[in-house]
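Below: data10.txt (compact mmCIF, C-alpha atoms and all ligand atoms)
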# COMPACT_ATOMS: atom_id res chain seq x y z
CA MET A 809 101.77 8.26 48.40
CA SER A 810 99.73 10.09 51.00
CA LYS A 811 98.89 13.71 50.36
CA GLU A 812 100.90 16.44 52.06
CA VAL A 813 99.20 18.21 54.93
CA VAL A 814 98.27 21.87 54.39
CA LEU A 815 96.98 24.01 57.23
CA SER A 816 95.93 27.60 57.70
CA GLY A 817 93.92 29.62 60.18
CA ILE A 818 91.90 32.82 60.01
CA ARG A 819 91.28 35.01 63.04
CA PRO A 820 87.57 35.83 63.38
CA THR A 821 88.19 39.46 64.22
CA GLY A 822 86.02 41.13 61.59
CA PHE A 823 84.32 40.77 58.24
CA LEU A 824 86.20 38.98 55.47
CA HIS A 825 87.03 41.16 52.48
CA LEU A 826 88.22 40.96 48.91
CA GLY A 827 91.86 40.90 50.07
CA ASN A 828 91.19 37.81 52.18
CA TYR A 829 89.38 36.25 49.24
CA PHE A 830 92.06 36.77 46.59
CA GLY A 831 95.02 36.58 49.00
CA ALA A 832 93.90 33.52 50.94
CA MET A 833 90.55 31.83 50.44
CA ARG A 834 90.75 31.44 46.66
CA ASN A 835 93.99 29.53 47.16
CA TYR A 836 92.49 27.35 49.89
CA VAL A 837 89.80 26.34 47.41
CA ARG A 838 92.37 25.51 44.75
CA MET A 839 94.35 23.37 47.19
CA GLN A 840 91.52 21.24 48.46
CA ASP A 841 91.82 18.50 45.82
CA GLU A 842 95.57 18.23 45.79
CA PHE A 843 96.37 18.25 49.50
CA ASN A 844 95.11 16.97 52.80
CA CYS A 845 93.76 20.31 54.04
CA TYR A 846 92.99 21.65 57.50
CA PHE A 847 91.45 25.12 57.69
CA PHE A 848 90.25 26.57 60.93
CA VAL A 849 88.89 29.63 62.68
CA ALA A 850 91.44 30.82 65.23
CA ASN A 851 89.04 31.94 67.96
CA TRP A 852 91.51 31.32 70.83
CA HIS A 853 93.93 33.65 69.09
CA ALA A 854 91.17 36.23 68.71
CA LEU A 855 90.65 36.23 72.50
CA THR A 856 94.09 37.77 72.98
CA THR A 857 92.84 40.97 71.35
CA HIS A 858 89.02 40.70 71.26
CA PRO A 859 87.73 39.52 74.66
CA ASP A 860 84.04 40.19 73.80
CA THR A 861 82.84 36.65 73.13
CA LYS A 862 79.29 37.63 72.16
CA GLU A 863 80.54 39.24 68.99
CA LEU A 864 83.12 36.52 68.54
CA GLN A 865 80.45 33.85 68.27
CA ASN A 866 78.83 35.60 65.30
CA SER A 867 82.19 36.15 63.66
CA VAL A 868 83.13 32.48 63.97
CA HIS A 869 79.87 31.46 62.29
CA ARG A 870 80.31 34.06 59.58
CA VAL A 871 83.90 33.02 58.78
CA ILE A 872 82.84 29.37 58.45
CA ALA A 873 79.84 30.31 56.27
CA GLU A 874 81.89 32.66 54.08
CA ASN A 875 84.61 30.08 53.52
CA ILE A 876 82.05 27.56 52.31
CA ALA A 877 80.33 30.20 50.17
CA CYS A 878 83.71 30.87 48.55
CA GLY A 879 84.00 27.23 47.53
CA LEU A 880 85.60 25.30 50.41
CA ASP A 881 83.96 21.90 50.59
CA PRO A 882 83.63 20.63 54.18
CA GLU A 883 83.52 17.09 52.79
CA LYS A 884 86.98 17.50 51.23
CA VAL A 885 88.75 19.52 53.91
CA ALA A 886 88.64 19.64 57.68
CA LEU A 887 86.99 23.00 58.39
CA TYR A 888 86.83 23.53 62.12
CA VAL A 889 86.89 25.89 65.06
CA GLN A 890 90.11 25.96 67.08
CA SER A 891 88.41 25.76 70.49
CA ASP A 892 86.69 22.49 69.45
CA VAL A 893 90.08 20.76 69.43
CA PRO A 894 91.37 20.59 73.03
CA GLU A 895 94.40 18.58 71.85
CA ILE A 896 95.81 21.88 70.54
CA ALA A 897 95.77 23.32 74.06
CA GLU A 898 97.69 20.34 75.42
CA LEU A 899 100.40 20.61 72.77
CA TYR A 900 100.53 24.37 73.42
CA LEU A 901 101.31 23.58 77.07
CA TYR A 902 104.25 21.32 76.15
CA LEU A 903 105.58 23.77 73.57
CA ASN A 904 105.41 26.57 76.12
CA THR A 905 108.18 24.82 78.03
CA MET A 906 110.37 25.16 74.94
CA ALA A 907 109.63 28.80 74.17
CA TYR A 908 111.76 31.40 75.90
CA LYS A 909 110.55 34.69 77.27
CA GLY A 910 113.26 36.61 75.43
CA GLU A 911 112.39 35.34 71.97
CA LEU A 912 108.65 35.81 72.58
CA GLU A 913 109.18 39.40 73.67
CA LYS A 914 111.19 40.07 70.53
CA THR A 915 108.41 38.94 68.16
CA THR A 916 107.30 41.77 65.88
CA THR A 917 103.57 41.11 66.26
CA PHE A 918 103.92 41.07 70.07
CA LYS A 919 105.70 44.42 70.05
CA ASP A 920 102.97 45.82 67.77
CA LYS A 921 100.23 44.59 70.09
CA VAL A 922 101.94 46.04 73.16
CA ARG A 923 101.80 49.42 71.43
CA GLN A 924 98.20 48.96 70.30
CA GLN A 925 96.76 47.69 73.60
CA PRO A 926 99.06 48.77 76.44
CA ASP A 927 96.35 48.03 79.02
CA ASN A 928 95.94 44.42 77.97
CA VAL A 929 99.37 42.90 77.55
CA ASN A 930 98.17 39.43 78.52
CA ALA A 931 100.23 36.23 78.56
CA GLY A 932 98.17 34.93 75.63
CA LEU A 933 99.57 37.73 73.49
CA LEU A 934 103.11 36.86 74.50
CA THR A 935 102.65 33.18 73.69
CA TYR A 936 100.61 33.78 70.52
CA PRO A 937 103.35 32.20 68.35
CA VAL A 938 103.41 29.11 70.59
CA LEU A 939 99.68 28.56 70.13
CA MET A 940 100.11 29.05 66.39
CA ALA A 941 102.91 26.46 66.39
CA ALA A 942 100.60 24.05 68.23
CA ASP A 943 97.86 24.66 65.60
CA ILE A 944 100.27 23.61 62.87
CA LEU A 945 102.25 20.85 64.56
CA ILE A 946 99.17 19.09 65.96
CA HIS A 947 98.38 17.94 62.40
CA ARG A 948 102.04 17.62 61.43
CA ALA A 949 101.32 20.09 58.63
CA VAL A 950 104.24 20.88 56.33
CA LYS A 951 102.71 23.56 54.11
CA VAL A 952 101.21 26.66 55.63
CA PRO A 953 99.68 29.21 53.25
CA VAL A 954 100.10 32.57 55.00
CA GLY A 955 101.01 36.13 54.18
CA LYS A 956 104.42 37.67 54.71
CA ASP A 957 103.49 39.06 58.11
CA GLN A 958 103.28 35.49 59.47
CA GLU A 959 106.73 34.34 58.38
CA GLN A 960 108.35 35.10 61.72
CA HIS A 961 105.69 33.01 63.48
CA LEU A 962 106.42 30.13 61.14
CA GLU A 963 110.11 30.33 61.81
CA MET A 964 109.34 30.13 65.52
CA ALA A 965 107.12 27.08 64.90
CA ARG A 966 110.07 25.41 63.16
CA ASN A 967 112.31 26.21 66.14
CA PHE A 968 109.83 24.79 68.64
CA ALA A 969 109.43 21.63 66.54
CA GLU A 970 113.20 21.18 66.32
CA ARG A 971 113.64 21.70 70.05
CA PHE A 972 110.92 19.16 70.74
CA ASN A 973 112.50 16.61 68.39
CA HIS A 974 115.94 17.20 69.84
CA ARG A 975 114.74 16.80 73.39
CA TYR A 976 112.21 13.98 73.05
CA GLY A 977 112.66 12.29 69.66
CA ASP A 978 111.64 12.87 66.07
CA VAL A 979 107.90 13.46 66.05
CA LEU A 980 107.19 16.88 64.57
CA PRO A 981 107.99 17.79 60.94
CA SER A 982 109.19 21.26 60.01
CA PRO A 983 106.43 23.50 58.57
CA GLN A 984 107.13 25.90 55.70
CA ALA A 985 105.28 28.96 54.43
CA PHE A 986 103.57 28.10 51.21
CA ASN A 987 102.46 30.19 48.31
CA PHE A 988 100.13 28.31 46.00
CA GLY A 989 100.65 29.32 42.39
CA SER A 990 103.11 31.98 41.35
CA GLU A 991 101.20 35.22 41.79
CA LEU A 992 100.68 36.65 45.23
CA VAL A 993 97.88 39.17 44.88
CA LYS A 994 97.74 42.10 47.20
CA ILE A 995 94.53 44.08 47.14
CA MET A 996 95.06 47.73 47.94
CA SER A 997 92.54 49.87 49.72
CA LEU A 998 90.23 51.80 47.32
CA ASP A 999 91.77 55.13 48.31
CA GLY A 1000 95.20 53.79 47.45
CA ASN A 1001 96.40 54.03 51.08
CA GLY A 1002 97.61 50.66 52.36
CA LYS A 1003 95.83 47.37 51.85
CA MET A 1004 92.22 46.34 52.25
CA SER A 1005 91.93 45.20 55.81
CA LYS A 1006 89.41 43.94 58.36
CA SER A 1007 90.15 46.67 60.83
CA GLU A 1008 91.38 49.72 58.91
CA ASN A 1009 90.07 51.64 55.92
CA GLN A 1010 86.58 50.17 56.22
CA MET A 1011 84.92 52.50 53.67
CA ASN A 1012 87.73 51.67 51.26
CA THR A 1013 87.55 47.93 51.76
CA LEU A 1014 85.07 45.71 49.93
CA PHE A 1015 83.63 43.13 52.31
CA LEU A 1016 82.08 39.86 51.17
CA ALA A 1017 79.02 40.83 53.24
CA ASP A 1018 78.53 44.29 51.62
CA ASP A 1019 75.18 44.77 49.88
CA ASP A 1020 74.94 45.81 46.23
CA ASP A 1021 74.47 49.52 46.87
CA LEU A 1022 77.31 49.72 49.32
CA ILE A 1023 79.62 47.99 46.82
CA ARG A 1024 78.61 50.52 44.14
CA LYS A 1025 79.02 53.43 46.54
CA LYS A 1026 82.50 52.36 47.65
CA ILE A 1027 83.71 51.78 44.09
CA MET A 1028 82.31 55.04 42.75
CA LYS A 1029 84.20 56.84 45.54
CA ALA A 1030 87.49 55.09 44.73
CA LYS A 1031 90.34 57.48 44.15
CA THR A 1032 91.08 58.48 40.53
CA ASP A 1033 92.47 61.60 38.85
CA SER A 1034 91.98 63.51 35.62
CA GLY A 1035 93.60 60.75 33.56
CA PRO A 1036 96.92 60.32 31.76
CA THR A 1037 98.14 63.06 29.44
CA GLU A 1038 100.81 61.05 27.65
CA THR A 1039 100.14 57.84 25.76
CA ASN A 1040 101.29 54.59 27.37
CA SER A 1041 102.04 56.22 30.75
CA ALA A 1042 102.70 54.23 33.89
CA LYS A 1043 99.65 53.95 36.13
CA PRO A 1044 99.64 55.48 39.61
CA ASP A 1045 99.09 52.89 42.42
CA TYR A 1046 95.44 53.70 42.96
CA ILE A 1047 94.65 53.37 39.23
CA GLU A 1048 96.66 50.17 38.98
CA ASN A 1049 94.55 48.81 41.80
CA ILE A 1050 91.29 49.54 39.96
CA PHE A 1051 92.70 47.66 36.98
CA THR A 1052 93.76 44.80 39.26
CA LEU A 1053 90.17 44.52 40.50
CA LEU A 1054 88.84 44.68 36.95
CA LYS A 1055 91.21 41.89 35.97
CA LEU A 1056 89.97 39.75 38.85
CA VAL A 1057 86.23 40.15 38.33
CA SER A 1058 85.53 41.39 34.78
CA GLU A 1059 85.73 39.82 31.36
CA GLU A 1060 88.99 40.06 29.48
CA SER A 1061 87.47 42.11 26.64
CA ILE A 1062 86.35 44.74 29.13
CA LEU A 1063 89.76 44.90 30.73
CA ASN A 1064 91.38 45.22 27.31
CA LYS A 1065 89.05 48.04 26.28
CA PHE A 1066 89.90 50.11 29.35
CA GLU A 1067 93.62 49.33 29.04
CA THR A 1068 93.52 50.62 25.47
CA ASP A 1069 91.56 53.71 26.50
CA PHE A 1070 94.10 54.39 29.22
CA ASN A 1071 97.05 53.99 26.89
CA ASN A 1072 95.38 56.34 24.39
CA CYS A 1073 94.56 58.92 27.07
CA VAL A 1074 90.82 58.69 26.40
CA ILE A 1075 89.88 56.80 29.51
CA ARG A 1076 86.74 57.90 31.41
CA TYR A 1077 87.19 56.80 34.98
CA GLY A 1078 83.46 57.29 35.71
CA ASP A 1079 82.63 54.63 33.10
CA LEU A 1080 85.42 52.38 34.32
CA LYS A 1081 84.13 52.54 37.89
CA LYS A 1082 80.53 51.97 36.82
CA GLN A 1083 81.56 48.85 34.92
CA LEU A 1084 83.72 47.63 37.79
CA ALA A 1085 80.91 48.28 40.27
CA GLU A 1086 78.46 46.12 38.29
CA ASP A 1087 80.97 43.32 37.78
CA MET A 1088 81.90 43.45 41.46
CA VAL A 1089 78.24 43.27 42.48
CA ASN A 1090 77.87 40.19 40.29
CA PHE A 1091 80.97 38.68 41.83
CA ILE A 1092 80.17 39.34 45.50
CA LYS A 1093 76.39 38.87 45.46
CA PRO A 1094 76.30 35.05 45.10
CA ILE A 1095 78.99 34.66 47.78
CA ARG A 1096 77.12 36.98 50.15
CA GLU A 1097 73.79 35.27 49.54
CA LYS A 1098 75.18 31.78 49.94
CA ALA A 1099 77.02 32.76 53.11
CA ALA A 1100 73.85 34.32 54.55
CA ASP A 1101 71.85 31.17 53.77
CA ILE A 1102 74.40 29.00 55.54
CA GLN A 1103 74.66 31.40 58.46
CA ASN A 1104 70.88 31.42 58.90
CA ASN A 1105 70.73 27.65 58.80
CA LYS A 1106 71.97 26.92 62.31
CA THR A 1107 71.36 23.18 61.97
CA LEU A 1108 73.54 22.94 58.89
CA LEU A 1109 76.20 25.20 60.38
CA SER A 1110 76.35 23.14 63.54
CA LYS A 1111 76.58 19.91 61.51
CA ILE A 1112 79.49 21.29 59.48
CA ILE A 1113 81.30 22.55 62.58
CA HIS A 1114 80.89 19.20 64.35
CA GLN A 1115 82.03 17.26 61.32
CA GLY A 1116 85.13 19.50 61.05
CA ALA A 1117 85.93 19.07 64.74
CA GLU A 1118 85.69 15.30 64.43
CA LYS A 1119 88.15 15.18 61.51
CA ALA A 1120 90.52 17.59 63.22
CA ARG A 1121 90.40 15.72 66.54
CA ALA A 1122 91.14 12.38 64.87
CA SER A 1123 94.34 13.76 63.37
CA ALA A 1124 95.21 15.80 66.49
CA SER A 1125 94.84 12.93 68.92
CA ALA A 1126 97.04 10.69 66.75
CA THR A 1127 99.83 13.29 66.97
CA LEU A 1128 99.26 13.82 70.66
CA THR A 1129 99.63 10.09 71.34
CA GLU A 1130 103.04 10.17 69.67
CA VAL A 1131 103.98 13.33 71.54
CA ARG A 1132 103.00 11.80 74.89
CA ASN A 1133 104.83 8.58 74.10
CA ALA A 1134 107.96 10.49 73.14
CA MET A 1135 107.71 12.50 76.36
CA ARG A 1136 107.06 9.38 78.46
CA LEU A 1137 103.76 10.80 79.58
CA ASN A 1138 102.07 7.45 79.01
CA TYR A 1139 101.55 6.02 82.49
P1 LIG A 1201 93.37 41.52 57.84
O1 LIG A 1201 94.62 42.30 57.52
O2 LIG A 1201 92.22 42.00 57.06
O3 LIG A 1201 93.11 41.40 59.33
P2 LIG A 1201 94.52 38.94 58.04
O4 LIG A 1201 95.82 39.53 58.47
O5 LIG A 1201 93.69 38.22 59.05
O6 LIG A 1201 93.64 40.05 57.33
O7 LIG A 1201 94.81 37.97 56.81
C1 LIG A 1201 94.13 36.79 56.51
C2 LIG A 1201 94.65 36.32 55.17
O8 LIG A 1201 94.24 37.21 54.12
C3 LIG A 1201 96.17 36.26 55.07
O9 LIG A 1201 96.55 35.11 54.35
C4 LIG A 1201 96.56 37.52 54.31
O10 LIG A 1201 97.76 37.38 53.60
C5 LIG A 1201 95.37 37.72 53.39
N1 LIG A 1201 95.13 39.16 53.14
C6 LIG A 1201 94.67 40.08 54.03
N2 LIG A 1201 94.53 41.30 53.46
C7 LIG A 1201 94.92 41.16 52.16
C8 LIG A 1201 94.98 42.05 51.04
N3 LIG A 1201 94.60 43.31 51.13
N4 LIG A 1201 95.43 41.56 49.86
C9 LIG A 1201 95.79 40.27 49.74
N5 LIG A 1201 95.74 39.37 50.75
C10 LIG A 1201 95.32 39.80 51.96
N1 LIG A 1202 98.26 34.21 63.16
C1 LIG A 1202 97.47 34.10 61.95
C2 LIG A 1202 97.02 35.50 61.49
O1 LIG A 1202 97.00 36.41 62.29
C3 LIG A 1202 96.27 33.21 62.16
C4 LIG A 1202 96.69 31.81 62.56
C5 LIG A 1202 96.54 31.25 63.79
C6 LIG A 1202 97.32 30.86 61.72
N2 LIG A 1202 97.06 29.99 63.78
C7 LIG A 1202 97.54 29.72 62.52
C8 LIG A 1202 97.72 30.88 60.38
C9 LIG A 1202 98.17 28.56 62.02
C10 LIG A 1202 98.34 29.72 59.88
C11 LIG A 1202 98.57 28.60 60.70
O2 LIG A 1202 96.65 35.65 60.34
Have the structure of the file written as structure tokens, please.
Ligand code: ADP
Ligand code: TRP
Amino acid sequence: MSKEVVLSGIRPTGFLHLGNYFGAMRNYVRMQDEFNCYFFVANWHALTTHPDTKELQNSVHRVIAENIACGLDPEKVALYVQSDVPEIAELYLYLNTMAYKGELEKTTTFKDKVRQQPDNVNAGLLTYPVLMAADILIHRAVKVPVGKDQEQHLEMARNFAERFNHRYGDVLPSPQAFNFGSELVKIMSLDGNGKMSKSENQMNTLFLADDDDLIRKKIMKAKTDSGPTETNSAKPDYIENIFTLLKLVSEESILNKFETDFNNCVIRYGDLKKQLAEDMVNFIKPIREKAADIQNNKTLLSKIIHQGAEKARASASATLTEVRNAMRLNY
């Protein structure tokens, strides 16, 4: 039996952080043996909000390098840049004829963007979900690992696929959101306000490109309090988050020691943060260094990007041939 197709995209709109790692990239890496995987950098999507292409170019390279540094193997998966696959743009055009202005205007992310950038409400923003549907349907992907905020977009992709099939014949399978494994980790910001994010809370977000001292500085500043006064108390959010990080990057015995100290009201948060800082440095450092090596090796980077584009285009053009045949666009 052929492997199911998995696809996901990351917008190159900033530095990747620990939330992206544990919420997305770690799962991509785990999926690469079991599924036929397509992972790409959504640079066309980024243009709808970040028109400065000089910065975009660096970000695209960094996202590719960081994904490989985190363990994605470009030999196993198709790792590519969206704009290298023109077939996506053609499918986007066809799907645009099946997407209605009313439903696009009602999309939550569109309404958010209109509020955030009232001077740049471009048509690309309005049709963002159509382009995302084209990204997915061009490889006939059925499993799409994404966060909750993307579920509405996925539902729209299913609608567009169904409309296409109804109008022109059964070509496009229905994609579903996919959560690999049972636990969905959410990494909170170090001050306990909201989640770690590319664009907000930068001093409270740990980026994969942060140097050792910056990692230490951010962790030592993380919000704590004077500690529990009753044994076995519930942990406040911001303390829970420090324990979550410890669980992800430290040894079990260390986690257990601090859990016990907390439950016995003898925890010293200074020591906890020092330990976490060192373990985090050891976790991030090899990723950062590997990513920097790849990013500085333009020949290698370009080889990987070309190889990804070739794989993606092979699959995309096969779908497009079927789409054109179904639409009688084969003169
Ligand atoms: P950001 O909010 O930093 O811009 P994106 O929205 O581009 O990140 O998300 C890219 C991927 O990373 C998504 O799959 C999303 O679910 C995941 N992700 C982002 N932030 C976090 C976080 N703090 N904790 C867990 N997963 C996250
Ligand atoms: N819209 C997604 C985000 O903001 C990125 C994305 C673009 C994507 N195309 C996709 C995700 C296709 C999954 C599948 O995070």
Open item on the list: Could you list, as an MDAnalysis selection string, all residues that come within 10 Å of ligand LIG 1201 (chain A)? Count all atoms listed in the file.
Closed with: chainID A and resid 816:833 835:836 850 952:958 987 992:997 1002:1010 1013:1015
TODO: To one decimal in Å, tell me the separation between CA of Ile1112 (chain A) and CA of Pro882 (chain A).
DONE: 6.8 Å
Task: Option closest in space to Thr1068 (chain A), from A:Val1089, A:Pro1094, A:Ser1041, A:Leu1053 [counting all atoms listed in the file] - done: A:Ser1041
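Counting all atoms listed in the file and comparing A:Phe1091, A:Tyr900, A:Phe1051, A:Tyr936, the residue that lies closest to Tyr1077 (chain A) is A:Phe1051.
Of the listed residues (A:Arg948, A:Arg1121, A:Lys909, A:His869), A:Arg948 comes nearest to ligand LIG 1202 (chain A); the distances count all atoms listed in the file.
Counting only C-alpha atoms, Ile1113 (chain A) has the following residues at most 10 Å away, ignoring those fewer than 6 positions along the same chain: Phe848, His869, Ile872, Pro882, Ala886, Leu887, Tyr888, Val889, Asp892 and Thr1107 of chain A.
Reported to one decimal place, the separation of CA of His974 (chain A) from CA of Leu903 (chain A) is 12.8 Å.
Coordinates place CA of Glu895 (chain A) at a distance of 7.6 Å from CA of Ile946 (chain A).
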- [ ] Pick out the closest residue to ligand LIG 1202 (chain A) from this set: A:Tyr908, A:Phe843, A:Trp852, A:Tyr902. Count all atoms listed in the file.
- [x] A:Trp852
Open item on the list: Quick one: residues within 7 Å of region 1021-1029 of chain A, only C-alpha atoms, excluding same-chain residues fewer than 4 positions away - as JSON, numbers by chain?
Closed with: {"A": [1011, 1012, 1014, 1081, 1082, 1085, 1089]}
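In terms of minimum interatomic distance to ligand LIG 1202 (chain A), A:Ala941 ranks closest within A:Ile1095, A:Met964, A:Val1057, A:Ala941, counting only C-alpha atoms and all ligand atoms.
Considering the residues A:Asp978, A:Asp841, A:Asp1033, A:Asp1101 and counting only C-alpha atoms, Glu1130 (chain A) has its shortest atom-to-atom contact with A:Asp978.
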Open item on the list: At a cut-off of 12 Å, using all atoms listed in the file, what residues contact Pro894 (chain A)? Leave out same-chain residues fewer than 5 positions from it and give the result as a ChimeraX atom specification.
Closed with: /A:852,889,899-901,939,942-943,946,1117-1118,1120-1122,1124-1125,1128
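Within the 12 Å cut-off around Glu1038 (chain A), using all atoms listed in the file and omitting residues fewer than 4 positions from it on the same chain, the listed residues are Ala1042, Lys1043, Asp1069, Phe1070, Asn1071, Asn1072, Cys1073, Val1074 and Ile1075 of chain A.
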